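Report on one structure; see the data block that follows.
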Amino acid sequence: MSRKLNLRERYQRMTRDLAWEPSYQSKSDIYPQMEFEGIKIEDWDKWEDPFRLTMDAYWKYQAEKERKLYSIIDAFAQNNGHLNVTDARYVNALKLFLTGVSPLEYAAHRGFAMVGRQFAGVGTQVACQMQSIDELRHVQTQVHTISHYNKYFNGFHDFRHMHDRVWYLSVPKSFFDDAMSAGPFEFITAISFSFEYVLTNLLFMPFMSGAAFNGDMATVTFGFSAQSDESRHMTLGLEVIKFMAEQHPDNIPIIQKWIDKWFWRGYRLLTLVGMMMDYMLPKKVMSWREAWEIYFEQNGGALFEDLARYGLRMPKYWEQTIEGKDHITHQAWGIFYNYTHAAAFHTWIPDDEELDWLSAKYPDTFDQYYRPRFEYWREQAEAGNRFYNPTLPMLCQTCQIPMGFTEPGNPTTIGFRASDFDGNRYHFCSDGCKDIFDNEPQKFCQSWMPVHQIYQGNCGGATVPDVLNWYHLNFGVDNFDYAQSPDRQHWQQWKGEPAEESDAPDEAA
Amino acid sequence: MQIDIKTADIKPIRNTFDHVAKRLGKDKPASRYQEATFDIQPETNFHYRPLWDPEHLLYDRRRTAIEMEDWYAFRDPRQYYYGTWTITRSRQQDHMEKNFAFFEKRRLVDVMPAEWRNKVATLLVPIRHAEYTANLNNCYMSAYGYGTAITQACLYAGLDHLGIAQYLTRIGLAVSDGDTAVLDAAKIAWTDDETWQPLRKLCEDLLVTKDWFELFVAQNLVLDGLLYPLAYDRFDTAISRHGGSALAMLTDFALEWFGESSRWVDATLKTAAAESDKNKAQIEQWANAWGTRAIEALTPIAMAEFGGEGEATLAEIRAELITRAKKKSGLDLQ
């Protein structure tokens with residue numbers, strides 16, 4: 001008798017049922033990475049498929065989205081859509097995105113292919129494989145979308161080469177290298193849970209909302225198109241944690257350690273995004289502080305209340321992020337303002353209206369600690385002394401951001417921590433980064449530290465221009481203040497705006 | 001009369017990314033395939049050795065014995081990036097949906113002789129487990145392979161194999177009026193029946209093969225290259241002669257896919273073999289060794305399908321594969 005299977009049964013038959021118990025080879029040879037992290041899985045069948053997609057449905061939905069997306073990208077290019085953005089300064093946010101974030105989509109693609117092969121349960125494998133190919137979609141559609149901007153603006157032109165080399169790009173790169181070089185359970189906790197589930201609203205969405213607010217129809221279309229993929233990925237993240245937690249009580253302390261680590265790694269990485277939100281968007285979406293309150297303090301807080309029943313608690317040092325939300329973006333923009341001669345995007349001092357916005361959004365800190373600094377730098381720039389810092393900064397061994405963050409409770413003192421390992425001393429920006437190192441010193445002593453590498457002579461030479469050349473960064477074009485940039489000149493020509501007088505690039509840098 | 005629409009004169013300052021321009025020889029507009037593919041994988045300055053493989057870098061050329069000066073020498077003749085891949089598959093899927101609907105609506109299952117319906121259930125449906133192995137193997141190549149040009153196509157192939165495993169599941173249900181017992185029986189055959197044990201052993205051995213390019217040769221050239229002609233092409237022909245031609249509607253995707261995928265597999269092997277005599281000899285050695293094993297593994301299945309003509313059918317299929325490898329990839333197989 002003909003009988004229709006329900007969705008759950010159908011998925012079960014189409015996917016789970018494909019696997020069998022091997023007997024010619026041992027399971028531990030087929031899945032050799034299942035043991036070494038100490039995670040205990042007693043029954044892979046307890047895995048709840050977070051989304052029950054078979055390939056037929058996957059192809060159908062995804063193809064529909066691709067057709068729409070590419071027709072909009074084509075129209076955008078044909079109509080010189082880049083002329084509709086609020087201001088050419090906005091494009092610098094996209095430069096940070098293509099050089100810093102898109103390569104992470106690629107890393108996620110490969111990382112999920114790894115775990116999609118390594119996990120010993122077929123439901124988990126298929127969920128990871130689908131995420132792997134989604135992430136490939138994301139990097140490719142981002143490259144295709146931003147390809148148009150590359151034709152009209154500088155700083156995009158060698159994004160892959162730069163990602164492997166440029167100092168600040170080692171922050172996102174080391175983040176994913178760290179996750180991928182860990183075992184499969186740590187990888188998926190790091191990326192699916194800590195990153196996708198807890199923090200994605202603070203990475204992906206600010207860029208996409210920023211695009212929407214600033215007239216970038218191509219990027220916002222990509223963002224909408226990726227949204228349904230992202231929500232699948234978030235669902236996977238939560239399932240992963242629940243599954244591991246429910247499989248064995250011994251898993252809990254391991255998971256907690258990973259949550260602590262990856263929350264802090266993610267928080268540091270997101271500094272770059274927060275800086276983008278507060279400083280690089282001509283039309284602001286919301287402040288970093290507001291975003292952190294909504295997406296971490298409220299949503300994250302509720303999530304961890306829910307996870308308390310497994311014995312999981314809020315990530316260690318989360319309190320420091322509550323204080324930090326008033327500081328980190330201003331400190332980061334200060335760092336990039338100092339070193340923009342060595343960056344593939346431009347910086348600038350916010351105009352008066354923007355400074356007032358920052359004062360209003362950061363009433364407890366901005367006027368007291370940061371506004372005077374920016375006003376002083378502006379004064380100096382107007383007097384012909386635009387400041388570029390000629391010495392190289394010390395980097396945190398873990399997050400690799402220059403050591404410019406201040407001590408908790410003391411916003412005028414830079415935080416320093418250090419650990420000794422194997423006869424060397426290593427330096428950190430914070431307790432969180434020091435703890436991460438101390439838990440795995442043999443791993444983090446390997447970090448490819450851009451500044452050390454420059455001093456060791458591995459980056460093209462001894463002078464700044466040598467290093468920039470090695471980065472494939474076009475001197476005087478990709479770098480320096482926005483005020484003197486060819487991007488700005490082009491923009492003024494295209495928009496028919498009168499060119500303002502500006503200082504020549506500061507060759508002293 | 002000519003009508004000129006006035007537009008602002010906005011000239012691009014470059015046509016594509018530098019790494020793409022370098023491969024094209026000059027800065028000129030690039031295709032979406034090129035921009036989505038060239039040099040997209042990280043190359044250098046990795047931060048940490050993998051805990052699961054400290055001998056190697058995160059991305060490492062030395063995970064295979066095959067050596068390439070440039071791992072982006074590979075080109076997918078189909079020029080698949082995610083968008084073109086998924087749109088192509090969705091079109092094929094639309095077509096297959098109609099085929100399944102037609103098969104069910106017209107009750108074509110009723111015109112299949114019972115003997116051949118049974119053969120579909122016992123000789124075609126268990127192959128879904130081999131397709132799942134192919135899914136995992138291509139996922140492995142995508143994970144540990146080198147260079148986006150080849151690794152992206154491996155993941156497309158991996159998910160294609162999952163799709164084919166799922167079509168086989170649907171075929172099982174279609175010829176049994178939705179009775180899931182057919183799937184249970186096929187799985188028991190796969191794990192216990194003598195007919196299937198050599199193929200299952202081969203699949204499990206593939207799952208522990210470490211060299212990803214060896215796996216590419218063994219799975220994508222050899223096993224696919226023998227199994228598809230046997231299980232789909234020859235089997236379809238035989239069943240058609242016995243009143244079961246409707247089956248071809250349900251295996252259409254698999255056969256069309258095999259033809260398409262072979263173009264990519266052949267082009268990939270041609271490039272790798274043309275690189276050096278060492279590569280060529282290595283690929284031939286792998287293909288011959290796995291070829292012998294695959295023939296052994298498929299023999300009981302061919303015998304069950306074609307009785308006394310089973311071995312001859314398989315020999316013919318192997319000869320075709322040898323000819324194909326010579327003609328399309330310049331390989332000398334035995």
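Residues are named by chain letter and number: chains run A, B, ... in the order of the structure tokens, numbers start at 1 in each chain, and ligands are numbered from 1 in the order shown.
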Inset, instruction - Determine which residues of segment 10-148 of chain A receive a DSSP assignment of alpha helix (DSSP H), computed from the backbone, and state them as JSON, numbers by chain. - result: {"A": [10, 11, 12, 13, 14, 27, 28, 29, 30, 55, 56, 57, 58, 59, 60, 61, 62, 63, 64, 65, 66, 67, 68, 69, 70, 71, 72, 73, 74, 75, 76, 77, 78, 91, 92, 93, 94, 95, 96, 102, 103, 104, 105, 106, 107, 108, 109, 110, 111, 112, 113, 114, 115, 116, 117, 118, 122, 123, 124, 125, 126, 127, 128, 129, 130, 131, 132, 133, 134, 135, 136, 137, 138, 139, 140, 141, 142, 143, 144, 145, 146, 147, 148]}
Exercise. Using only C-alpha atoms, determine which residues of chain A fall within 7 Å of chain B; present them as an NGL selection string.
Key: :A and (1-4 or 14 or 18-19 or 24-25 or 29-30 or 33 or 55-56 or 59-60 or 62-63 or 66 or 110 or 113-114 or 117 or 137 or 140 or 143-144 or 147 or 151-152 or 157-158 or 160 or 164 or 174 or 177-178 or 181-183 or 443 or 446-448 or 494)
Using N, CA and C atoms, can you export the residues from the last selection as a compact mmCIF listing (two decimals), in the first residue's frame?
# COMPACT_ATOMS: atom_id res chain seq x y z
N MET A 1 0.84 -1.20 0.00
CA MET A 1 0.00 0.00 0.00
C MET A 1 0.88 1.25 0.00
N SER A 2 0.56 2.17 -0.88
CA SER A 2 1.35 3.38 -0.98
C SER A 2 1.16 4.26 0.26
N ARG A 3 2.27 4.80 0.74
CA ARG A 3 2.21 5.51 2.01
C ARG A 3 3.22 6.65 1.93
N LYS A 4 2.78 7.82 2.34
CA LYS A 4 3.70 8.96 2.34
C LYS A 4 4.44 9.00 3.67
N MET A 14 16.43 9.15 4.06
CA MET A 14 17.25 9.71 2.98
C MET A 14 18.68 10.00 3.43
N LEU A 18 21.71 5.97 5.52
CA LEU A 18 22.74 5.63 4.53
C LEU A 18 23.96 4.98 5.18
N ALA A 19 24.15 5.24 6.47
CA ALA A 19 25.35 4.73 7.14
C ALA A 19 25.14 3.29 7.60
N TYR A 24 34.97 -4.17 8.19
CA TYR A 24 36.28 -4.46 7.57
C TYR A 24 37.35 -3.49 8.04
N GLN A 25 36.91 -2.29 8.40
CA GLN A 25 37.82 -1.32 9.00
C GLN A 25 37.20 -0.90 10.33
N ASP A 29 39.55 3.94 12.87
CA ASP A 29 40.39 4.25 11.71
C ASP A 29 39.63 5.11 10.69
N ILE A 30 38.33 4.88 10.61
CA ILE A 30 37.54 5.67 9.66
C ILE A 30 37.33 7.09 10.19
N GLN A 33 39.65 11.16 14.43
CA GLN A 33 39.77 12.35 15.28
C GLN A 33 38.71 12.41 16.38
N MET A 55 18.99 16.94 -0.51
CA MET A 55 19.65 17.67 -1.59
C MET A 55 18.65 18.27 -2.57
N ASP A 56 17.56 17.57 -2.85
CA ASP A 56 16.61 18.12 -3.83
C ASP A 56 16.08 19.48 -3.36
N TRP A 59 18.97 22.19 -3.37
CA TRP A 59 19.24 22.78 -4.70
C TRP A 59 18.16 23.76 -5.10
N LYS A 60 16.93 23.37 -4.83
CA LYS A 60 15.80 24.22 -5.25
C LYS A 60 15.86 25.59 -4.55
N GLN A 62 18.35 27.05 -2.88
CA GLN A 62 19.57 27.83 -3.06
C GLN A 62 19.64 28.41 -4.46
N ALA A 63 19.19 27.63 -5.46
CA ALA A 63 19.23 28.13 -6.83
C ALA A 63 18.33 29.35 -7.00
N GLU A 66 20.23 32.24 -5.62
CA GLU A 66 21.36 32.63 -6.47
C GLU A 66 20.90 33.40 -7.70
N ARG A 110 36.28 25.27 4.39
CA ARG A 110 37.21 24.14 4.50
C ARG A 110 37.10 23.48 5.86
N ALA A 113 34.17 21.29 5.89
CA ALA A 113 34.40 20.08 5.09
C ALA A 113 35.18 19.07 5.94
N MET A 114 36.16 19.57 6.70
CA MET A 114 36.94 18.67 7.57
C MET A 114 36.04 17.97 8.58
N ARG A 117 33.58 15.46 7.35
CA ARG A 117 34.15 14.14 7.09
C ARG A 117 34.51 13.42 8.39
N ARG A 137 29.67 29.33 -0.84
CA ARG A 137 28.76 30.28 -1.48
C ARG A 137 29.04 31.69 -1.00
N GLN A 140 32.26 33.25 -2.32
CA GLN A 140 32.20 33.51 -3.76
C GLN A 140 31.24 34.65 -4.09
N VAL A 143 32.94 37.89 -3.13
CA VAL A 143 33.95 38.30 -4.12
C VAL A 143 33.24 38.87 -5.36
N HIS A 144 32.19 38.22 -5.79
CA HIS A 144 31.48 38.69 -6.98
C HIS A 144 30.79 40.03 -6.75
N SER A 147 33.58 42.68 -6.32
CA SER A 147 34.35 42.82 -7.56
C SER A 147 34.08 44.17 -8.24
N LYS A 151 36.72 47.62 -9.00
CA LYS A 151 36.98 48.29 -10.28
C LYS A 151 37.04 49.81 -10.12
N TYR A 152 36.49 50.33 -9.04
CA TYR A 152 36.40 51.78 -8.88
C TYR A 152 37.10 52.34 -7.65
N HIS A 157 42.36 45.30 -4.23
CA HIS A 157 42.89 44.69 -5.45
C HIS A 157 43.65 43.39 -5.25
N ASP A 158 44.17 43.16 -4.03
CA ASP A 158 44.90 41.89 -3.83
C ASP A 158 44.53 41.31 -2.46
N ARG A 160 43.44 38.54 -1.23
CA ARG A 160 43.89 37.23 -0.76
C ARG A 160 45.35 37.28 -0.34
N ASP A 164 46.96 36.88 3.91
CA ASP A 164 48.04 36.01 4.42
C ASP A 164 49.19 36.79 5.04
N SER A 174 44.29 34.42 12.31
CA SER A 174 44.72 33.54 13.40
C SER A 174 43.52 32.96 14.14
N ASP A 177 42.50 30.04 11.90
CA ASP A 177 43.57 29.04 11.94
C ASP A 177 43.52 28.28 13.27
N ASP A 178 43.25 29.02 14.33
CA ASP A 178 43.16 28.43 15.66
C ASP A 178 42.04 27.38 15.71
N SER A 181 42.81 24.33 13.38
CA SER A 181 43.90 23.46 13.80
C SER A 181 43.55 22.71 15.09
N ALA A 182 42.41 23.06 15.69
CA ALA A 182 41.92 22.31 16.85
C ALA A 182 41.21 21.05 16.35
N GLY A 183 40.70 20.25 17.28
CA GLY A 183 39.96 19.07 16.88
C GLY A 183 38.55 19.43 16.42
N LYS A 443 50.74 25.63 21.61
CA LYS A 443 50.06 26.07 20.38
C LYS A 443 50.31 27.55 20.11
N GLN A 446 53.40 29.38 18.72
CA GLN A 446 53.69 29.28 17.28
C GLN A 446 53.18 30.46 16.47
N SER A 447 52.34 31.31 17.07
CA SER A 447 51.68 32.38 16.31
C SER A 447 52.64 33.09 15.35
N TRP A 448 52.15 33.30 14.14
CA TRP A 448 52.92 34.08 13.15
C TRP A 448 52.66 35.55 13.43
N TRP A 494 33.30 62.06 -9.77
CA TRP A 494 32.08 61.36 -10.20
C TRP A 494 30.83 62.10 -9.75
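The smallest atom-to-atom distance between Gln320 of chain A and any of A:Ser132, A:His248, A:Glu21, A:Asn410, using only C-alpha atoms, is found for A:Asn410.
For the atom pair formed by atom CA of Thr141 of chain A and atom CA of Val101 of chain A, the distance is 12.7 Å, given to one decimal.
Within 6 Å of segment 463-480 of chain A there are A:Asn154, A:Gly155, A:Met162, A:Thr340, A:His341, A:Ala343, A:Ala344, A:Phe345, A:His346, A:Cys459, A:Gly460, counting only C-alpha atoms and ignoring same-chain residues fewer than 3 positions away.
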Using only C-alpha atoms, which residues sit within 10 Å of Lys68 of chain A once same-chain residues fewer than 5 positions away are excluded, as a PyMOL selection string?
chain A and resi 63+73+221-222+225
Store the residues picked out above, limited to N, CA and C atoms, as a PDB file, in the first residue's frame.
ATOM      1  N   ALA A  63      19.187  27.632  -5.460  1.00  0.00           N
ATOM      2  CA  ALA A  63      19.233  28.127  -6.834  1.00  0.00           C
ATOM      3  C   ALA A  63      18.331  29.347  -6.995  1.00  0.00           C
ATOM      4  N   ILE A  73      23.127  41.862  -8.642  1.00  0.00           N
ATOM      5  CA  ILE A  73      24.540  42.276  -8.768  1.00  0.00           C
ATOM      6  C   ILE A  73      24.812  42.800 -10.179  1.00  0.00           C
ATOM      7  N   THR A 221      21.911  43.114  -0.612  1.00  0.00           N
ATOM      8  CA  THR A 221      21.222  42.004  -1.266  1.00  0.00           C
ATOM      9  C   THR A 221      21.917  40.695  -0.945  1.00  0.00           C
ATOM     10  N   PHE A 222      23.230  40.736  -0.988  1.00  0.00           N
ATOM     11  CA  PHE A 222      23.972  39.555  -0.583  1.00  0.00           C
ATOM     12  C   PHE A 222      23.615  39.181   0.856  1.00  0.00           C
ATOM     13  N   SER A 225      20.327  37.583   1.136  1.00  0.00           N
ATOM     14  CA  SER A 225      20.377  36.272   0.505  1.00  0.00           C
ATOM     15  C   SER A 225      21.045  35.237   1.411  1.00  0.00           C
TER      16      SER A 225
END
The distance between atom CA of Tyr376 of chain A and atom CA of Ala342 of chain A is 21.6 Å
